[in-house]
Amino acid sequence: MATTTDRKTNEKTSSIEDEEALEREHFLRILYAYKNYRIYAMERVNRSEKSFNKLPDKHKKLLPAYLPTLSKVRSAIDTNYELILRITNSSDQMFVNKDMENVSDPRKKVKAVTSHDMEKIYTTLKQFARDWSSEGKHERDSCYKPIIDEVIARLPINESFQEQKKVLVPGAGLGRLAFEIARLGYECQGNEFSMIMLIAANFILNRSAGINVYTLHPWVHQYINNKCSEDQVKAIQIPDISTQNLPVNANFSMAAGDFLEVYTEPDYWDCIATCYFIDTAHNILEYLEKIYEILKPGGYWINLGPLLYHFADMHGEESIEISYSELRRVILELGFTILNEKTDVSSTYTQNPRSMLQYRYDCVFFTCQKPFVDTS
Ligand SMILES: C[S@@+](CC[C@H](N)C(=O)[O-])C[C@H]1O[C@@H](n2cnc3c(N)ncnc32)[C@H](O)[C@@H]1O
């Protein structure tokens with residue numbers, strides 16, 4: 001007969017097993033989404049071709065380059081797919097006991113690909129341009145550089161790599177900001193919860209070899225606002241820097257999971273650097289409290305980004321949207337001191353530089369310090 005302790009242990013084990021099964025299922029769904037990229041993207045090209053084929057002959061004659069352009073789009077998608085296969089093949093050590101058969105047959109457990117997953121894969125391709133191409137340097141200079149300069153100003157670099165200061169980058173995306181901070185001699189951890197991003201980050205950070213060795217077409221899914229058709233199929237190379245050439249004593253890691261759940265140790269980090277991250281929260285106040293809790297007394301929070309609350313217009317999702325002035329008041333109320341603040345730092349996020357539509361954010365950029373003595 002099972003005792004209460006046995007039952008509790010069994011319940012705990014089964015909830016861990018349930019969690020692992022769910023996590024594995026999610027991983028397989030994401031791999032399946034990656035593997036379906038080509039079919040999904042080609043369907044969109046087919047739609048353009050069908051529309052063209054329905055045109056009257058006199059209109060077709062006026063557009064002699066239309067179908068040749070679609071051929072270039074198809075071949076650009078093929079090139080992206082080659083990279084995607086490299087990315088997914090490199091994920092084999094991310095999860096043990098991964099059942100690849102399920103990936104090739106979605107009817108076995110794996111749920112169908114959603115357009116939401118596919119949009120995220122398209123975003124990941126653009127994020128490669130932002131983080132790991134020379135094309136993205138301008139964008140990185142507008143948002144990573146101010147943060148890096150501020151980290152250096154607040155926490156002097158220790159070139160001997162001894163007793164490194166600990167810097168956390170939540171919502172690290174494909175990891176370039178965290179990588180650059182680690183390269184300078186800080187112990188730096190990027191944290192990310194999107195499996196789509198994590199698989200791609202794992203590839204570029206751990207499996208890529210050499211400089212500019214992979215080609216991709218990050219803007220190929222943008223059919224509108226192109227000044228010339230070549231802009232849609234513009235190729236870029238990644239990575240613009242060798243990810244294997246970190247100094248031997250560098251201390252760089254990526255941690256998978258929700259920022260609010262992964263970090264529980266209070267007073268641990270010397271600095272937390274958030275870039276285009278704080279508006280990803282359902283409740284931004286939870287992020288603020290977590291940042292305050294896990295910073296060491298005297299530690300710094302450096303933030304740059306807009307307030308494009310991610311869940312603001314998502315049906316059925318909770319979302320707290322507050323203005324910067326309200327956010328600022330709460331930051332002070334929690335006990336932080338604002339050391340540095342700008343409210344007009346112009347920057348972009350995965351912006352196609354040649355597009356006729358340009359999104360540009362007037363970001364807030366600030367540095368706060370947690371007090372040495374807890375006043376809360
Ligand atoms: C807008 S992107 C910014 C990425 C990167 N910081 C940059 O500037 O390019 C926000 C990132 O935060 C991640 N993210 C959102 N909520 C998160 C959470 N609760 N924990 C960890 N990562 C999260 C998303 O998956 C996404 O990669």
# chains A, B, ... in the order shown; residues from 1 in each chain; ligands from 1
$ residues_near_ligand --ligand "ligand 1" --cutoff "7 Å" --atoms "only C-alpha atoms and all ligand atoms" --output "NGL selection string"
:A and (127 or 131 or 170-173 or 191-194 or 197 or 257-260 or 274-277 or 280-281 or 349)
$ write_last_selection --atoms "N, CA and C atoms" --output "PDB file, in the first residue's frame"
ATOM      1  N   GLN A 127      16.402  38.571 -37.303  1.00  0.00           N
ATOM      2  CA  GLN A 127      17.238  38.780 -36.108  1.00  0.00           C
ATOM      3  C   GLN A 127      18.699  38.380 -36.399  1.00  0.00           C
ATOM      4  N   ASP A 131      21.739  40.771 -35.462  1.00  0.00           N
ATOM      5  CA  ASP A 131      22.763  40.392 -34.497  1.00  0.00           C
ATOM      6  C   ASP A 131      24.086  39.965 -35.124  1.00  0.00           C
ATOM      7  N   PRO A 170      18.568  39.499 -19.940  1.00  0.00           N
ATOM      8  CA  PRO A 170      17.306  38.754 -20.160  1.00  0.00           C
ATOM      9  C   PRO A 170      16.733  39.065 -21.542  1.00  0.00           C
ATOM     10  N   GLY A 171      16.050  38.082 -22.132  1.00  0.00           N
ATOM     11  CA  GLY A 171      15.468  38.284 -23.473  1.00  0.00           C
ATOM     12  C   GLY A 171      16.567  38.509 -24.481  1.00  0.00           C
ATOM     13  N   ALA A 172      17.556  37.598 -24.497  1.00  0.00           N
ATOM     14  CA  ALA A 172      18.804  37.837 -25.227  1.00  0.00           C
ATOM     15  C   ALA A 172      18.695  37.597 -26.729  1.00  0.00           C
ATOM     16  N   GLY A 173      17.579  37.048 -27.207  1.00  0.00           N
ATOM     17  CA  GLY A 173      17.426  36.812 -28.644  1.00  0.00           C
ATOM     18  C   GLY A 173      18.500  35.865 -29.152  1.00  0.00           C
ATOM     19  N   ASN A 191      19.666  35.213 -21.335  1.00  0.00           N
ATOM     20  CA  ASN A 191      18.524  34.366 -20.968  1.00  0.00           C
ATOM     21  C   ASN A 191      17.458  34.534 -22.041  1.00  0.00           C
ATOM     22  N   GLU A 192      16.897  33.417 -22.463  1.00  0.00           N
ATOM     23  CA  GLU A 192      15.917  33.484 -23.551  1.00  0.00           C
ATOM     24  C   GLU A 192      14.908  32.364 -23.376  1.00  0.00           C
ATOM     25  N   PHE A 193      13.621  32.638 -23.649  1.00  0.00           N
ATOM     26  CA  PHE A 193      12.659  31.554 -23.470  1.00  0.00           C
ATOM     27  C   PHE A 193      12.034  31.043 -24.756  1.00  0.00           C
ATOM     28  N   SER A 194      12.265  31.728 -25.869  1.00  0.00           N
ATOM     29  CA  SER A 194      11.668  31.244 -27.111  1.00  0.00           C
ATOM     30  C   SER A 194      12.519  30.106 -27.678  1.00  0.00           C
ATOM     31  N   MET A 197      14.166  30.893 -30.997  1.00  0.00           N
ATOM     32  CA  MET A 197      15.400  31.689 -30.855  1.00  0.00           C
ATOM     33  C   MET A 197      16.524  30.835 -30.292  1.00  0.00           C
ATOM     34  N   GLY A 257      14.704  29.570 -20.591  1.00  0.00           N
ATOM     35  CA  GLY A 257      13.574  29.613 -19.665  1.00  0.00           C
ATOM     36  C   GLY A 257      13.073  31.020 -19.433  1.00  0.00           C
ATOM     37  N   ASP A 258      11.943  31.072 -18.735  1.00  0.00           N
ATOM     38  CA  ASP A 258      11.299  32.358 -18.443  1.00  0.00           C
ATOM     39  C   ASP A 258      12.115  33.124 -17.406  1.00  0.00           C
ATOM     40  N   PHE A 259      12.452  34.342 -17.738  1.00  0.00           N
ATOM     41  CA  PHE A 259      13.239  35.188 -16.835  1.00  0.00           C
ATOM     42  C   PHE A 259      12.663  35.206 -15.417  1.00  0.00           C
ATOM     43  N   LEU A 260      11.333  35.216 -15.338  1.00  0.00           N
ATOM     44  CA  LEU A 260      10.704  35.311 -14.016  1.00  0.00           C
ATOM     45  C   LEU A 260      10.867  34.011 -13.218  1.00  0.00           C
ATOM     46  N   THR A 274      18.960  45.199 -20.148  1.00  0.00           N
ATOM     47  CA  THR A 274      17.768  44.822 -20.915  1.00  0.00           C
ATOM     48  C   THR A 274      17.678  45.679 -22.179  1.00  0.00           C
ATOM     49  N   CYS A 275      17.556  45.019 -23.311  1.00  0.00           N
ATOM     50  CA  CYS A 275      17.449  45.737 -24.584  1.00  0.00           C
ATOM     51  C   CYS A 275      16.187  45.246 -25.301  1.00  0.00           C
ATOM     52  N   TYR A 276      15.278  46.136 -25.575  1.00  0.00           N
ATOM     53  CA  TYR A 276      14.006  45.770 -26.230  1.00  0.00           C
ATOM     54  C   TYR A 276      13.375  44.567 -25.515  1.00  0.00           C
ATOM     55  N   PHE A 277      13.375  44.601 -24.207  1.00  0.00           N
ATOM     56  CA  PHE A 277      12.892  43.433 -23.463  1.00  0.00           C
ATOM     57  C   PHE A 277      11.736  43.729 -22.515  1.00  0.00           C
ATOM     58  N   THR A 280       8.046  42.967 -23.047  1.00  0.00           N
ATOM     59  CA  THR A 280       7.560  41.619 -23.384  1.00  0.00           C
ATOM     60  C   THR A 280       6.745  41.020 -22.240  1.00  0.00           C
ATOM     61  N   ALA A 281       6.624  41.750 -21.141  1.00  0.00           N
ATOM     62  CA  ALA A 281       5.948  41.194 -19.956  1.00  0.00           C
ATOM     63  C   ALA A 281       4.427  41.288 -20.069  1.00  0.00           C
ATOM     64  N   TYR A 349      14.504  48.016 -34.857  1.00  0.00           N
ATOM     65  CA  TYR A 349      14.544  46.603 -34.470  1.00  0.00           C
ATOM     66  C   TYR A 349      14.278  45.737 -35.700  1.00  0.00           C
TER      67      TYR A 349
END
$ residues_around --residues "Lys145 of chain A" --least-positions-apart "3" --cutoff "12 Å" --atoms "only C-alpha atoms" --output "PDB file with N, CA and C atoms, in the first residue's frame"
ATOM      1  N   LYS A 137      25.195  46.154 -38.362  1.00  0.00           N
ATOM      2  CA  LYS A 137      26.073  46.913 -37.459  1.00  0.00           C
ATOM      3  C   LYS A 137      25.451  48.259 -37.063  1.00  0.00           C
ATOM      4  N   HIS A 138      24.864  48.929 -38.058  1.00  0.00           N
ATOM      5  CA  HIS A 138      24.291  50.245 -37.794  1.00  0.00           C
ATOM      6  C   HIS A 138      23.209  50.131 -36.710  1.00  0.00           C
ATOM      7  N   GLU A 139      22.359  49.101 -36.862  1.00  0.00           N
ATOM      8  CA  GLU A 139      21.283  48.897 -35.880  1.00  0.00           C
ATOM      9  C   GLU A 139      21.867  48.548 -34.502  1.00  0.00           C
ATOM     10  N   ARG A 140      22.883  47.688 -34.513  1.00  0.00           N
ATOM     11  CA  ARG A 140      23.498  47.312 -33.220  1.00  0.00           C
ATOM     12  C   ARG A 140      24.138  48.523 -32.559  1.00  0.00           C
ATOM     13  N   ASP A 141      24.758  49.375 -33.382  1.00  0.00           N
ATOM     14  CA  ASP A 141      25.394  50.566 -32.807  1.00  0.00           C
ATOM     15  C   ASP A 141      24.371  51.474 -32.147  1.00  0.00           C
ATOM     16  N   SER A 142      23.124  51.442 -32.680  1.00  0.00           N
ATOM     17  CA  SER A 142      22.112  52.341 -32.121  1.00  0.00           C
ATOM     18  C   SER A 142      21.517  51.812 -30.814  1.00  0.00           C
ATOM     19  N   ILE A 148      26.513  48.800 -23.918  1.00  0.00           N
ATOM     20  CA  ILE A 148      27.869  48.302 -23.643  1.00  0.00           C
ATOM     21  C   ILE A 148      28.736  49.422 -23.053  1.00  0.00           C
ATOM     22  N   ASP A 149      28.630  50.630 -23.630  1.00  0.00           N
ATOM     23  CA  ASP A 149      29.418  51.761 -23.109  1.00  0.00           C
ATOM     24  C   ASP A 149      29.056  52.024 -21.647  1.00  0.00           C
ATOM     25  N   GLU A 150      27.780  51.883 -21.339  1.00  0.00           N
ATOM     26  CA  GLU A 150      27.324  52.142 -19.973  1.00  0.00           C
ATOM     27  C   GLU A 150      27.808  51.040 -19.011  1.00  0.00           C
ATOM     28  N   VAL A 151      27.799  49.790 -19.472  1.00  0.00           N
ATOM     29  CA  VAL A 151      28.321  48.692 -18.631  1.00  0.00           C
ATOM     30  C   VAL A 151      29.782  48.998 -18.293  1.00  0.00           C
ATOM     31  N   ILE A 152      30.548  49.395 -19.315  1.00  0.00           N
ATOM     32  CA  ILE A 152      31.984  49.670 -19.095  1.00  0.00           C
ATOM     33  C   ILE A 152      32.155  50.850 -18.133  1.00  0.00           C
ATOM     34  N   ARG A 176      23.824  38.351 -29.369  1.00  0.00           N
ATOM     35  CA  ARG A 176      24.994  39.177 -29.702  1.00  0.00           C
ATOM     36  C   ARG A 176      25.374  40.132 -28.565  1.00  0.00           C
ATOM     37  N   LEU A 177      24.377  40.770 -27.950  1.00  0.00           N
ATOM     38  CA  LEU A 177      24.700  41.726 -26.878  1.00  0.00           C
ATOM     39  C   LEU A 177      25.433  41.008 -25.741  1.00  0.00           C
ATOM     40  N   ALA A 178      24.909  39.853 -25.329  1.00  0.00           N
ATOM     41  CA  ALA A 178      25.533  39.096 -24.237  1.00  0.00           C
ATOM     42  C   ALA A 178      26.937  38.634 -24.638  1.00  0.00           C
ATOM     43  N   GLU A 180      28.979  40.102 -26.757  1.00  0.00           N
ATOM     44  CA  GLU A 180      29.909  41.247 -26.760  1.00  0.00           C
ATOM     45  C   GLU A 180      30.323  41.618 -25.338  1.00  0.00           C
ATOM     46  N   ILE A 181      29.375  41.528 -24.401  1.00  0.00           N
ATOM     47  CA  ILE A 181      29.694  41.878 -23.011  1.00  0.00           C
ATOM     48  C   ILE A 181      30.685  40.845 -22.446  1.00  0.00           C
ATOM     49  N   ALA A 273      21.263  43.950 -17.990  1.00  0.00           N
ATOM     50  CA  ALA A 273      21.140  44.808 -19.182  1.00  0.00           C
ATOM     51  C   ALA A 273      19.950  44.334 -19.996  1.00  0.00           C
ATOM     52  N   CYS A 275      17.556  45.019 -23.311  1.00  0.00           N
ATOM     53  CA  CYS A 275      17.449  45.737 -24.584  1.00  0.00           C
ATOM     54  C   CYS A 275      16.187  45.246 -25.301  1.00  0.00           C
ATOM     55  N   ILE A 302      20.584  48.494 -16.545  1.00  0.00           N
ATOM     56  CA  ILE A 302      20.714  49.358 -17.729  1.00  0.00           C
ATOM     57  C   ILE A 302      19.641  48.927 -18.718  1.00  0.00           C
ATOM     58  N   ASN A 303      18.837  49.857 -19.189  1.00  0.00           N
ATOM     59  CA  ASN A 303      17.730  49.497 -20.087  1.00  0.00           C
ATOM     60  C   ASN A 303      17.683  50.413 -21.300  1.00  0.00           C
ATOM     61  N   LEU A 304      17.450  49.810 -22.459  1.00  0.00           N
ATOM     62  CA  LEU A 304      17.186  50.604 -23.671  1.00  0.00           C
ATOM     63  C   LEU A 304      16.066  49.914 -24.447  1.00  0.00           C
ATOM     64  N   VAL A 345      16.358  58.148 -27.562  1.00  0.00           N
ATOM     65  CA  VAL A 345      17.419  57.414 -28.266  1.00  0.00           C
ATOM     66  C   VAL A 345      16.788  56.693 -29.463  1.00  0.00           C
ATOM     67  N   SER A 347      16.320  54.306 -32.390  1.00  0.00           N
ATOM     68  CA  SER A 347      16.876  53.030 -32.843  1.00  0.00           C
ATOM     69  C   SER A 347      15.798  52.192 -33.525  1.00  0.00           C
ATOM     70  N   PHE A 365      16.327  55.214 -22.496  1.00  0.00           N
ATOM     71  CA  PHE A 365      17.615  54.594 -22.146  1.00  0.00           C
ATOM     72  C   PHE A 365      17.962  55.106 -20.760  1.00  0.00           C
TER      73      PHE A 365
END
$ residues_around --residues "segment 283-299 of chain A" --least-positions-apart "5" --cutoff "10 Å" --atoms "only C-alpha atoms" --output "ChimeraX atom specification"
/A:154-155,166-168,170,259-261,263-274,277-278,307,309,311,318-322,327,330-331,334-337,368-374
$ write_last_selection --atoms "N, CA and C atoms" --output "compact mmCIF listing (two decimals), in the first residue's frame"
# COMPACT_ATOMS: atom_id res chain seq x y z
N ARG A 154 30.14 51.87 -15.77
CA ARG A 154 29.72 51.57 -14.38
C ARG A 154 30.57 50.49 -13.74
N LEU A 155 31.00 49.52 -14.55
CA LEU A 155 31.78 48.39 -14.01
C LEU A 155 33.08 48.29 -14.80
N LYS A 166 29.37 40.08 -12.75
CA LYS A 166 28.33 39.23 -13.36
C LYS A 166 27.26 40.10 -14.03
N VAL A 167 27.09 39.89 -15.32
CA VAL A 167 26.09 40.66 -16.07
C VAL A 167 25.05 39.70 -16.68
N LEU A 168 23.79 40.03 -16.49
CA LEU A 168 22.71 39.21 -17.04
C LEU A 168 21.99 39.99 -18.14
N PRO A 170 18.57 39.50 -19.94
CA PRO A 170 17.31 38.75 -20.16
C PRO A 170 16.73 39.06 -21.54
N PHE A 259 12.45 34.34 -17.74
CA PHE A 259 13.24 35.19 -16.83
C PHE A 259 12.66 35.21 -15.42
N LEU A 260 11.33 35.22 -15.34
CA LEU A 260 10.70 35.31 -14.02
C LEU A 260 10.87 34.01 -13.22
N GLU A 261 11.13 32.90 -13.93
CA GLU A 261 11.23 31.62 -13.21
C GLU A 261 12.66 31.14 -13.03
N TYR A 263 15.49 32.82 -12.51
CA TYR A 263 16.37 33.53 -11.57
C TYR A 263 15.69 33.70 -10.21
N THR A 264 16.24 32.99 -9.24
CA THR A 264 15.61 33.03 -7.91
C THR A 264 16.59 33.49 -6.83
N GLU A 265 17.87 33.54 -7.18
CA GLU A 265 18.84 33.89 -6.13
C GLU A 265 18.90 35.41 -5.95
N PRO A 266 18.56 35.90 -4.76
CA PRO A 266 18.59 37.35 -4.56
C PRO A 266 20.02 37.89 -4.49
N ASP A 267 20.16 39.16 -4.76
CA ASP A 267 21.44 39.88 -4.58
C ASP A 267 22.60 39.21 -5.32
N TYR A 268 22.38 38.78 -6.55
CA TYR A 268 23.40 37.96 -7.23
C TYR A 268 24.15 38.73 -8.33
N TRP A 269 23.42 39.51 -9.15
CA TRP A 269 24.03 40.08 -10.35
C TRP A 269 24.58 41.48 -10.09
N ASP A 270 25.74 41.77 -10.70
CA ASP A 270 26.29 43.14 -10.60
C ASP A 270 25.56 44.07 -11.55
N CYS A 271 25.05 43.50 -12.63
CA CYS A 271 24.39 44.36 -13.63
C CYS A 271 23.37 43.53 -14.42
N ILE A 272 22.24 44.14 -14.71
CA ILE A 272 21.26 43.51 -15.61
C ILE A 272 21.05 44.47 -16.78
N ALA A 273 21.26 43.95 -17.99
CA ALA A 273 21.14 44.81 -19.18
C ALA A 273 19.95 44.33 -20.00
N THR A 274 18.96 45.20 -20.15
CA THR A 274 17.77 44.82 -20.92
C THR A 274 17.68 45.68 -22.18
N PHE A 277 13.37 44.60 -24.21
CA PHE A 277 12.89 43.43 -23.46
C PHE A 277 11.74 43.73 -22.51
N ILE A 278 11.79 44.84 -21.77
CA ILE A 278 10.85 44.96 -20.64
C ILE A 278 9.39 44.99 -21.08
N LEU A 307 8.25 50.92 -25.44
CA LEU A 307 7.22 50.26 -24.62
C LEU A 307 6.13 49.72 -25.55
N TYR A 309 4.23 47.15 -25.72
CA TYR A 309 3.78 46.01 -24.91
C TYR A 309 3.29 44.88 -25.80
N PHE A 311 1.76 42.05 -25.43
CA PHE A 311 0.46 41.39 -25.32
C PHE A 311 -0.70 42.38 -25.43
N GLU A 318 -3.43 38.58 -20.84
CA GLU A 318 -3.39 39.69 -19.88
C GLU A 318 -2.27 40.65 -20.26
N SER A 319 -2.52 41.91 -20.07
CA SER A 319 -1.50 42.89 -20.42
C SER A 319 -1.68 44.17 -19.63
N ILE A 320 -0.61 44.58 -18.96
CA ILE A 320 -0.63 45.87 -18.26
C ILE A 320 0.20 46.84 -19.09
N GLU A 321 -0.43 47.94 -19.52
CA GLU A 321 0.32 48.90 -20.35
C GLU A 321 0.41 50.22 -19.60
N ILE A 322 1.63 50.59 -19.25
CA ILE A 322 1.79 51.88 -18.57
C ILE A 322 2.75 52.76 -19.36
N LEU A 327 6.00 54.27 -15.38
CA LEU A 327 7.04 53.26 -15.14
C LEU A 327 8.16 53.88 -14.30
N VAL A 330 7.31 54.16 -10.69
CA VAL A 330 7.38 52.86 -9.99
C VAL A 330 8.84 52.48 -9.73
N ILE A 331 9.70 52.74 -10.72
CA ILE A 331 11.13 52.42 -10.56
C ILE A 331 11.66 53.10 -9.31
N LEU A 334 10.18 51.63 -6.06
CA LEU A 334 10.78 50.35 -5.65
C LEU A 334 12.09 50.55 -4.90
N GLY A 335 12.70 51.74 -5.06
CA GLY A 335 13.94 52.00 -4.32
C GLY A 335 15.14 52.27 -5.21
N PHE A 336 14.98 52.10 -6.53
CA PHE A 336 16.10 52.38 -7.43
C PHE A 336 16.43 53.88 -7.43
N THR A 337 17.69 54.18 -7.71
CA THR A 337 18.09 55.56 -8.01
C THR A 337 18.37 55.62 -9.50
N CYS A 368 19.80 52.53 -13.70
CA CYS A 368 19.33 52.66 -12.31
C CYS A 368 20.27 51.89 -11.41
N GLN A 369 20.30 52.30 -10.16
CA GLN A 369 21.12 51.57 -9.20
C GLN A 369 20.26 51.12 -8.03
N LYS A 370 20.46 49.86 -7.64
CA LYS A 370 19.78 49.36 -6.44
C LYS A 370 20.57 49.91 -5.24
N PRO A 371 19.87 50.38 -4.21
CA PRO A 371 20.62 50.97 -3.09
C PRO A 371 21.50 49.94 -2.38
N PHE A 372 22.57 50.43 -1.76
CA PHE A 372 23.46 49.52 -1.01
C PHE A 372 22.75 48.97 0.22
N VAL A 373 21.87 49.82 0.79
CA VAL A 373 21.10 49.34 1.94
C VAL A 373 19.65 49.27 1.50
N ASP A 374 19.00 48.12 1.76
CA ASP A 374 17.63 47.93 1.33
C ASP A 374 16.69 48.87 2.09
$ atom_distance --atom1 "atom CA of Ala76 of chain A" --atom2 "atom CA of Asp231 of chain A"
11.7 Å
$ select_by_dssp --residues "segment 116-191 of chain A" --states "strand (DSSP E)" --output "PyMOL selection string"
chain A and resi 166-170+187-191
$ select_by_dssp --residues "segment 214-255 of chain A" --states "helix (DSSP H, G or I)" --output "list of chain:residue names"
A:Ser229, A:Glu230, A:Asp231, A:Gln232
$ write_last_selection --atoms "C-alpha atoms" --output "mmCIF file, in the first residue's frame"
data_model
loop_
_atom_site.group_PDB
_atom_site.id
_atom_site.type_symbol
_atom_site.label_atom_id
_atom_site.label_comp_id
_atom_site.auth_asym_id
_atom_site.auth_seq_id
_atom_site.Cartn_x
_atom_site.Cartn_y
_atom_site.Cartn_z
ATOM 1 C CA SER A 229 12.680 43.797 -56.766
ATOM 2 C CA GLU A 230 16.326 42.996 -55.959
ATOM 3 C CA ASP A 231 15.737 44.402 -52.445
ATOM 4 C CA GLN A 232 13.423 41.505 -51.610
#
$ residues_around --residues "segment 36-40 of chain A" --least-positions-apart "6" --cutoff "8 Å" --atoms "only C-alpha atoms" --output "list in words"
Ile77, Asp78, Tyr81, Val113, Met118 and Ile121 of chain A
$ write_last_selection --atoms "C-alpha atoms" --output "JSON list (two decimals), in the first residue's frame"
[["chain", "number", "residue", "atom", "x", "y", "z"],
["A", 77, "ILE", "CA", 13.81, 30.61, -49.89],
["A", 78, "ASP", "CA", 15.77, 27.48, -50.86],
["A", 81, "TYR", "CA", 16.03, 26.52, -46.01],
["A", 113, "VAL", "CA", 2.43, 24.50, -37.55],
["A", 118, "MET", "CA", 6.12, 30.73, -38.87],
["A", 121, "ILE", "CA", 10.82, 31.93, -37.81]]
$ atom_distance --atom1 "atom CA of Val73 of chain A" --atom2 "atom CA of Ala209 of chain A"
26.9 Å
$ residues_around --residues "Ile238 of chain A" --least-positions-apart "2" --cutoff "7 Å" --atoms "only C-alpha atoms" --output "PyMOL selection string"
chain A and resi 132-133+211-215+236+240
$ closest_residue --among "A:Ala65, A:Val45, A:Leu339, A:Leu174" --to "Cys228 of chain A" --atoms "only C-alpha atoms"
A:Ala65
$ closest_residue --among "A:Arg86, A:Leu332, A:Glu135, A:Lys50" --to "Lys35 of chain A" --atoms "only C-alpha atoms"
A:Arg86
$ residues_around --residues "Pro353 of chain A" --least-positions-apart "3" --cutoff "12 Å" --atoms "only C-alpha atoms" --output "number ranges by chain"
A: 126, 129-130, 135-139, 218-219, 225-227, 231-232, 234, 348-350, 356-360
$ write_last_selection --atoms "N, CA and C atoms" --output "mmCIF file, in the first residue's frame"
data_model
loop_
_atom_site.group_PDB
_atom_site.id
_atom_site.type_symbol
_atom_site.label_atom_id
_atom_site.label_comp_id
_atom_site.auth_asym_id
_atom_site.auth_seq_id
_atom_site.Cartn_x
_atom_site.Cartn_y
_atom_site.Cartn_z
ATOM 1 N N LYS A 126 15.372 37.578 -39.616
ATOM 2 C CA LYS A 126 15.706 39.009 -39.577
ATOM 3 C C LYS A 126 16.626 39.320 -38.384
ATOM 4 N N ALA A 129 20.130 39.039 -39.163
ATOM 5 C CA ALA A 129 20.680 40.243 -39.791
ATOM 6 C C ALA A 129 21.045 41.266 -38.716
ATOM 7 N N ARG A 130 20.158 41.442 -37.724
ATOM 8 C CA ARG A 130 20.409 42.418 -36.652
ATOM 9 C C ARG A 130 21.662 42.041 -35.851
ATOM 10 N N GLU A 135 25.678 43.970 -42.095
ATOM 11 C CA GLU A 135 24.515 44.793 -42.456
ATOM 12 C C GLU A 135 23.812 45.329 -41.185
ATOM 13 N N GLY A 136 23.842 44.540 -40.107
ATOM 14 C CA GLY A 136 23.147 44.935 -38.866
ATOM 15 C C GLY A 136 23.964 45.837 -37.955
ATOM 16 N N LYS A 137 25.195 46.154 -38.362
ATOM 17 C CA LYS A 137 26.073 46.913 -37.459
ATOM 18 C C LYS A 137 25.451 48.259 -37.063
ATOM 19 N N HIS A 138 24.864 48.929 -38.058
ATOM 20 C CA HIS A 138 24.291 50.245 -37.794
ATOM 21 C C HIS A 138 23.209 50.131 -36.710
ATOM 22 N N GLU A 139 22.359 49.101 -36.862
ATOM 23 C CA GLU A 139 21.283 48.897 -35.880
ATOM 24 C C GLU A 139 21.867 48.548 -34.502
ATOM 25 N N PRO A 218 17.162 37.691 -45.492
ATOM 26 C CA PRO A 218 16.242 37.973 -44.379
ATOM 27 C C PRO A 218 14.965 38.697 -44.788
ATOM 28 N N TRP A 219 14.970 39.389 -45.957
ATOM 29 C CA TRP A 219 13.801 40.216 -46.308
ATOM 30 C C TRP A 219 12.943 39.570 -47.386
ATOM 31 N N ASN A 225 6.388 47.290 -50.286
ATOM 32 C CA ASN A 225 7.302 48.378 -49.925
ATOM 33 C C ASN A 225 8.746 48.144 -50.366
ATOM 34 N N ASN A 226 8.927 47.455 -51.490
ATOM 35 C CA ASN A 226 10.273 47.287 -52.052
ATOM 36 C C ASN A 226 10.502 48.333 -53.143
ATOM 37 N N LYS A 227 11.635 49.042 -53.044
ATOM 38 C CA LYS A 227 11.916 50.058 -54.070
ATOM 39 C C LYS A 227 12.327 49.390 -55.367
ATOM 40 N N ASP A 231 15.698 44.184 -53.909
ATOM 41 C CA ASP A 231 15.737 44.402 -52.445
ATOM 42 C C ASP A 231 15.120 43.227 -51.684
ATOM 43 N N GLN A 232 14.098 42.615 -52.291
ATOM 44 C CA GLN A 232 13.423 41.505 -51.610
ATOM 45 C C GLN A 232 14.359 40.300 -51.455
ATOM 46 N N LYS A 234 17.718 40.414 -51.428
ATOM 47 C CA LYS A 234 19.067 40.806 -50.986
ATOM 48 C C LYS A 234 19.655 39.730 -50.059
ATOM 49 N N THR A 348 16.262 51.127 -34.182
ATOM 50 C CA THR A 348 15.337 50.278 -34.943
ATOM 51 C C THR A 348 15.463 48.843 -34.458
ATOM 52 N N TYR A 349 14.504 48.016 -34.857
ATOM 53 C CA TYR A 349 14.544 46.603 -34.470
ATOM 54 C C TYR A 349 14.278 45.737 -35.700
ATOM 55 N N THR A 350 15.270 44.983 -36.109
ATOM 56 C CA THR A 350 15.203 44.119 -37.301
ATOM 57 C C THR A 350 14.578 44.843 -38.502
ATOM 58 N N MET A 356 10.553 50.696 -48.015
ATOM 59 C CA MET A 356 9.892 52.006 -48.082
ATOM 60 C C MET A 356 9.158 52.303 -46.778
ATOM 61 N N LEU A 357 8.959 51.281 -45.964
ATOM 62 C CA LEU A 357 8.368 51.504 -44.634
ATOM 63 C C LEU A 357 9.470 51.354 -43.595
ATOM 64 N N GLN A 358 9.689 52.390 -42.831
ATOM 65 C CA GLN A 358 10.728 52.366 -41.803
ATOM 66 C C GLN A 358 10.093 52.597 -40.438
ATOM 67 N N TYR A 359 10.241 51.595 -39.555
ATOM 68 C CA TYR A 359 9.828 51.792 -38.161
ATOM 69 C C TYR A 359 11.044 52.264 -37.379
ATOM 70 N N ARG A 360 10.867 53.321 -36.633
ATOM 71 C CA ARG A 360 11.977 53.843 -35.822
ATOM 72 C C ARG A 360 11.415 54.178 -34.444
#
